[in-house]
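Below: one structure, written as structure tokens.
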Amino acid sequence: MPLDPQVRAIRDRRAADPTARPLYEMTLDEARTEDLKAVQAAGGTPEPVASVENTTITNDLKVRIYRPHTTDPKPPVLAYFFGGGWTLGTIDTSDGVCRALTNAAGCVTVAVGYRLAPEHKFPTAVHDCHTAVTWIAEHAADVDPARIAVGGDSAGGNLAAAVTLLARDHGPDLIHQLLVYPNTDYHADTPSLRENTDEALFNRKSVDWYWRHYLRSPEDGDDPLASPLRADSLAGLPPATVITAEYDPLRDEAEQYAQRLRDSGVPVELTRYSGLVHGFFTMSGVLDAAGHAVGYAAGRLRDAFARALVP
């Protein structure tokens with residue numbers, strides 16, 4: 001189907017702006033500033049939650065803890081990893097989404113401030129995220145350690161998938177993974193990568209720019225912690241929710257990952273949002289479909305948390 005009308009309007013305004021440049025044509029500092037500004041502008045008014053706490057955990061890793069209004073003395077918890085190609089983004093990038101998921105899923109949400117490339121290249125971010133999840137399981141006394149889920153969008157989805165691989169082999173136990181248009185294969189050469197070339201939107205040049213910052217060498221792209229689609233086995237991973245967008249260069253590799261999970265016996269629900277583009281999930285302030293997608297994701301998390309209580 002054609003671009004969603006709200007997406008089309010945003011795209012056309014950007015294309016008509018003579019001062020607008022793709023992030024990959026900016027300096028790193030410029031791109032980081034512009035990316036955060038754009039995410040916050042499109043995210044709408046952040047929802048209030050019961051409380052928000054910024055703290056530092058193992059190895060000076062920063063996290064932000066969002067707590068819902070709940071009577072549950074041991075609520076479930078979602079570890080959320082922000083997007084930004086492992087290169088851009090901060091805890092503030094995912095603030096709107098984390099607040100919305102906290103309220104709608106009734107869970108504590110822990111946003112993880114993993115270290116960024118190129119200052120800290122692969123696999124630093126993966127291990128930071130796994131460290132945070134392990135800390136949640138071992139030290140967060142006010143949540144249910146038997147109901148931990150992980151999630152993220154874009155590079156954050158990639159990190160969530162990688163963390164499930166580490167957790168399967170080294171703990172802790174996870175009950176769900178929420179993967180929103182994740183990168184899954186450095187070597188991908190899919191129709192969606194080839195077709196999505198519009199420079200007013202996220203495109204293949206964007207994807208390549210991020211990978212170049214993240215990996216130490218092309219050989220790192222063979223590692224399943226960078227390219228989860230290349231894992232020998234996905235058996236034993238937690239059930240998954242995978243969200244993709246029709247006009248996203250990452251669409252096909254994310255959907256291929258969903259199929260690999262299914263083929264490995266992992267329960268998966270895959271939803272492609274027609275007419276939408278990469279990045280839409282964090283744009284609830286300007287895209288109606290973003291609010292719908294966040295609500296859907298929260299419903300999937302609620303169901304996963306509820307199932308974990310059944311003996």
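Residue names in the structure tokens use chain letters A, B, ... in the order shown, residue numbers from 1 in each chain, and ligand numbers from 1 in the order shown.
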I need the alpha helix (DSSP H) residues of stretch 58-125 of chain A per DSSP on the backbone, written as a PyMOL selection string. chain A and resi 95-105+124-125
Each stretch 65-116 of chain A residue no farther than 12 Å from stretch 50-55 of chain A, nearest pair in Å, only C-alpha atoms, as CSV:
```
residue,atom,partner,partner_atom,distance
A:Ile65,CA,A:Glu53,CA,5.1
A:Tyr66,CA,A:Val52,CA,4.7
A:Arg67,CA,A:Ser51,CA,5.3
A:Pro68,CA,A:Ala50,CA,5.0
A:His69,CA,A:Ala50,CA,5.2
A:Thr70,CA,A:Ala50,CA,8.6
A:Thr71,CA,A:Ala50,CA,11.5
A:Ile91,CA,A:Asn54,CA,9.7
A:Asp92,CA,A:Asn54,CA,11.1
A:Asp95,CA,A:Val52,CA,10.3
A:Cys98,CA,A:Val52,CA,10.6
A:Arg99,CA,A:Val52,CA,9.2
A:Ala100,CA,A:Ala50,CA,11.9
A:Thr102,CA,A:Ala50,CA,9.4
A:Asn103,CA,A:Ala50,CA,8.9
A:Gly106,CA,A:Ala50,CA,10.8
A:Cys107,CA,A:Ala50,CA,11.1
A:Val108,CA,A:Ser51,CA,9.8
A:Thr109,CA,A:Val52,CA,9.7
A:Val110,CA,A:Glu53,CA,9.5
A:Ala111,CA,A:Asn54,CA,9.5
A:Val112,CA,A:Thr55,CA,10.3
A:Gly113,CA,A:Thr55,CA,10.3
```
Polymer residues at most 9 Å from stretch 301-305 of chain A, only C-alpha atoms, same-chain spacing of 4 or more positions, as a VMD selection string: chain A and resid 76 to 78 101 104 to 107 147 to 149 175 to 178 239 241 296 to 297 309
Go ahead and dump the residues you just picked, C-alpha atoms, as a PDB file, in the first residue's frame.
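Now in selection-v4.pdb:
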```
ATOM      1  CA  PRO A  76       7.085  -7.943  36.193  1.00  0.00           C
ATOM      2  CA  VAL A  77       9.916  -6.057  34.533  1.00  0.00           C
ATOM      3  CA  LEU A  78      10.920  -5.116  31.002  1.00  0.00           C
ATOM      4  CA  LEU A 101       4.852   0.531  28.007  1.00  0.00           C
ATOM      5  CA  ALA A 104      -0.016  -0.107  29.445  1.00  0.00           C
ATOM      6  CA  ALA A 105       1.784  -3.344  30.353  1.00  0.00           C
ATOM      7  CA  GLY A 106       1.705  -2.717  34.124  1.00  0.00           C
ATOM      8  CA  CYS A 107       5.388  -3.484  34.457  1.00  0.00           C
ATOM      9  CA  ARG A 147       9.004 -12.391  34.970  1.00  0.00           C
ATOM     10  CA  ILE A 148      11.716 -10.552  33.067  1.00  0.00           C
ATOM     11  CA  ALA A 149      11.270  -9.575  29.417  1.00  0.00           C
ATOM     12  CA  ILE A 175      10.011 -14.939  29.425  1.00  0.00           C
ATOM     13  CA  HIS A 176       9.583 -12.737  26.339  1.00  0.00           C
ATOM     14  CA  GLN A 177      11.403 -10.679  23.723  1.00  0.00           C
ATOM     15  CA  LEU A 178       9.912  -7.629  22.026  1.00  0.00           C
ATOM     16  CA  PRO A 239       8.644 -16.338  22.915  1.00  0.00           C
ATOM     17  CA  THR A 241       6.836 -10.376  19.384  1.00  0.00           C
ATOM     18  CA  TYR A 296      -0.232  -3.869  20.756  1.00  0.00           C
ATOM     19  CA  ALA A 297       3.289  -4.426  22.112  1.00  0.00           C
ATOM     20  CA  LEU A 309       2.026 -16.700  36.697  1.00  0.00           C
TER      21      LEU A 309
END
```
Which polymer residues have any atom within 8 Å of an atom of A:Thr164, counting only C-alpha atoms, with same-chain residues fewer than 2 positions away left out, as a count of residues only? 11
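Comparing A:Ala141, A:Asp189, A:Ser233, A:Glu119 by their smallest distance to A:Pro73, the closest is A:Ala141 (using only C-alpha atoms).
Atom to atom, atom CA of A:Thr19 and atom CA of A:Ala289 stand 27.8 Å apart.
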Residue neighbourhood stretch 266-281 of chain A, 6 Å, only C-alpha atoms, exclusion window fewer than 5 positions, as a PyMOL selection string: chain A and resi 1-4+239-248+261+290
Same residues, N, CA, C and O atoms, saved as a PDB file, in the first residue's frame:
```pdb
ATOM      1  N   MET A   1       0.841  -1.177   0.000  1.00  0.00           N
ATOM      2  CA  MET A   1       0.000   0.000   0.000  1.00  0.00           C
ATOM      3  C   MET A   1       0.891   1.247   0.000  1.00  0.00           C
ATOM      4  O   MET A   1       2.084   1.157   0.296  1.00  0.00           O
ATOM      5  N   PRO A   2       0.356   2.417  -0.332  1.00  0.00           N
ATOM      6  CA  PRO A   2       1.169   3.630  -0.329  1.00  0.00           C
ATOM      7  C   PRO A   2       1.558   4.022   1.092  1.00  0.00           C
ATOM      8  O   PRO A   2       1.049   3.471   2.077  1.00  0.00           O
ATOM      9  N   LEU A   3       2.473   4.984   1.187  1.00  0.00           N
ATOM     10  CA  LEU A   3       2.856   5.486   2.493  1.00  0.00           C
ATOM     11  C   LEU A   3       1.641   5.970   3.274  1.00  0.00           C
ATOM     12  O   LEU A   3       0.736   6.585   2.707  1.00  0.00           O
ATOM     13  N   ASP A   4       1.626   5.696   4.557  1.00  0.00           N
ATOM     14  CA  ASP A   4       0.609   6.237   5.436  1.00  0.00           C
ATOM     15  C   ASP A   4       0.546   7.756   5.227  1.00  0.00           C
ATOM     16  O   ASP A   4       1.591   8.408   5.122  1.00  0.00           O
ATOM     17  N   PRO A 239       9.626 -16.754  23.915  1.00  0.00           N
ATOM     18  CA  PRO A 239       8.644 -16.338  22.915  1.00  0.00           C
ATOM     19  C   PRO A 239       8.867 -14.889  22.505  1.00  0.00           C
ATOM     20  O   PRO A 239       9.356 -14.066  23.291  1.00  0.00           O
ATOM     21  N   ALA A 240       8.473 -14.591  21.258  1.00  0.00           N
ATOM     22  CA  ALA A 240       8.825 -13.298  20.684  1.00  0.00           C
ATOM     23  C   ALA A 240       7.629 -12.583  20.080  1.00  0.00           C
ATOM     24  O   ALA A 240       6.709 -13.214  19.538  1.00  0.00           O
ATOM     25  N   THR A 241       7.681 -11.263  20.167  1.00  0.00           N
ATOM     26  CA  THR A 241       6.836 -10.376  19.384  1.00  0.00           C
ATOM     27  C   THR A 241       7.755  -9.620  18.447  1.00  0.00           C
ATOM     28  O   THR A 241       8.711  -8.977  18.906  1.00  0.00           O
ATOM     29  N   VAL A 242       7.500  -9.706  17.149  1.00  0.00           N
ATOM     30  CA  VAL A 242       8.330  -9.019  16.160  1.00  0.00           C
ATOM     31  C   VAL A 242       7.445  -8.047  15.393  1.00  0.00           C
ATOM     32  O   VAL A 242       6.411  -8.435  14.835  1.00  0.00           O
ATOM     33  N   ILE A 243       7.850  -6.799  15.373  1.00  0.00           N
ATOM     34  CA  ILE A 243       7.121  -5.737  14.680  1.00  0.00           C
ATOM     35  C   ILE A 243       7.989  -5.216  13.543  1.00  0.00           C
ATOM     36  O   ILE A 243       9.166  -4.904  13.743  1.00  0.00           O
ATOM     37  N   THR A 244       7.408  -5.127  12.341  1.00  0.00           N
ATOM     38  CA  THR A 244       8.126  -4.575  11.200  1.00  0.00           C
ATOM     39  C   THR A 244       7.288  -3.497  10.527  1.00  0.00           C
ATOM     40  O   THR A 244       6.100  -3.346  10.815  1.00  0.00           O
ATOM     41  N   ALA A 245       7.934  -2.754   9.642  1.00  0.00           N
ATOM     42  CA  ALA A 245       7.274  -1.689   8.890  1.00  0.00           C
ATOM     43  C   ALA A 245       7.472  -1.934   7.405  1.00  0.00           C
ATOM     44  O   ALA A 245       8.551  -2.355   6.969  1.00  0.00           O
ATOM     45  N   GLU A 246       6.436  -1.678   6.615  1.00  0.00           N
ATOM     46  CA  GLU A 246       6.472  -1.994   5.188  1.00  0.00           C
ATOM     47  C   GLU A 246       7.623  -1.303   4.461  1.00  0.00           C
ATOM     48  O   GLU A 246       8.338  -1.928   3.677  1.00  0.00           O
ATOM     49  N   TYR A 247       7.811  -0.010   4.715  1.00  0.00           N
ATOM     50  CA  TYR A 247       8.830   0.762   3.995  1.00  0.00           C
ATOM     51  C   TYR A 247      10.071   0.936   4.870  1.00  0.00           C
ATOM     52  O   TYR A 247      10.485   2.041   5.201  1.00  0.00           O
ATOM     53  N   ASP A 248      10.661  -0.183   5.247  1.00  0.00           N
ATOM     54  CA  ASP A 248      11.832  -0.195   6.114  1.00  0.00           C
ATOM     55  C   ASP A 248      12.881  -1.097   5.490  1.00  0.00           C
ATOM     56  O   ASP A 248      12.595  -2.258   5.187  1.00  0.00           O
ATOM     57  N   LEU A 261      12.974 -18.156  14.166  1.00  0.00           N
ATOM     58  CA  LEU A 261      12.520 -18.476  15.514  1.00  0.00           C
ATOM     59  C   LEU A 261      11.417 -19.531  15.471  1.00  0.00           C
ATOM     60  O   LEU A 261      11.453 -20.519  16.212  1.00  0.00           O
ATOM     61  N   ALA A 290       1.638   4.685  15.503  1.00  0.00           N
ATOM     62  CA  ALA A 290       2.632   4.436  16.548  1.00  0.00           C
ATOM     63  C   ALA A 290       1.946   4.108  17.868  1.00  0.00           C
ATOM     64  O   ALA A 290       2.334   3.163  18.570  1.00  0.00           O
TER      65      ALA A 290
END
```
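The environment of stretch 217-228 of chain A within 6 Å, counting only C-alpha atoms and disregarding residues fewer than 4 places along the same chain, consists of Ala162, Thr184, Asp185 and Tyr186 of chain A.
Proximity ranking of A:Thr87, A:Gln40, A:Thr58, A:Gln259 relative to A:Ala132 places A:Thr58 first, based on only C-alpha atoms.
Taking atom CA of A:Ala258 as the reference point, atom CA of A:Leu229 is found at 9.3 Å.
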Among stretch 75-121 of chain A, which residues does DSSP mark as strand (DSSP E or B) when it is run on the backbone? Keep the chain and numbering as in the structure and answer as a PyMOL selection string. chain A and resi 77-81+108-113
Could you save those same residues with N, CA and C atoms as a CSV table (one decimal), in the first residue's frame?
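New file again13.csv:
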```
chain,number,residue,atom,x,y,z
A,77,VAL,N,9.0,-7.1,35.0
A,77,VAL,CA,9.9,-6.1,34.5
A,77,VAL,C,10.3,-6.3,33.1
A,78,LEU,N,10.4,-5.1,32.4
A,78,LEU,CA,10.9,-5.1,31.0
A,78,LEU,C,12.2,-4.4,31.0
A,79,ALA,N,13.3,-5.0,30.5
A,79,ALA,CA,14.5,-4.3,30.2
A,79,ALA,C,14.4,-3.8,28.7
A,80,TYR,N,14.5,-2.4,28.6
A,80,TYR,CA,14.4,-1.8,27.2
A,80,TYR,C,15.6,-1.2,26.8
A,81,PHE,N,16.0,-1.5,25.5
A,81,PHE,CA,17.2,-0.9,24.9
A,81,PHE,C,16.8,0.0,23.7
A,108,VAL,N,7.4,-2.7,35.6
A,108,VAL,CA,8.5,-1.9,35.8
A,108,VAL,C,9.3,-1.9,34.5
A,109,THR,N,9.8,-0.8,34.0
A,109,THR,CA,10.6,-0.8,32.8
A,109,THR,C,12.0,-0.2,33.2
A,110,VAL,N,13.0,-0.9,32.8
A,110,VAL,CA,14.4,-0.4,33.0
A,110,VAL,C,15.0,-0.1,31.7
A,111,ALA,N,15.2,1.2,31.4
A,111,ALA,CA,15.9,1.6,30.2
A,111,ALA,C,17.4,1.6,30.5
A,112,VAL,N,18.1,1.0,29.6
A,112,VAL,CA,19.6,0.7,29.8
A,112,VAL,C,20.4,1.7,29.0
A,113,GLY,N,21.3,2.4,29.7
A,113,GLY,CA,22.2,3.4,29.0
A,113,GLY,C,23.5,2.7,28.5
```
Select, from A:Ala137, A:Ala146, A:Ala117, A:Ala231, the residue with the minimum atom-to-atom distance to A:Arg307, counting only C-alpha atoms. A:Ala146
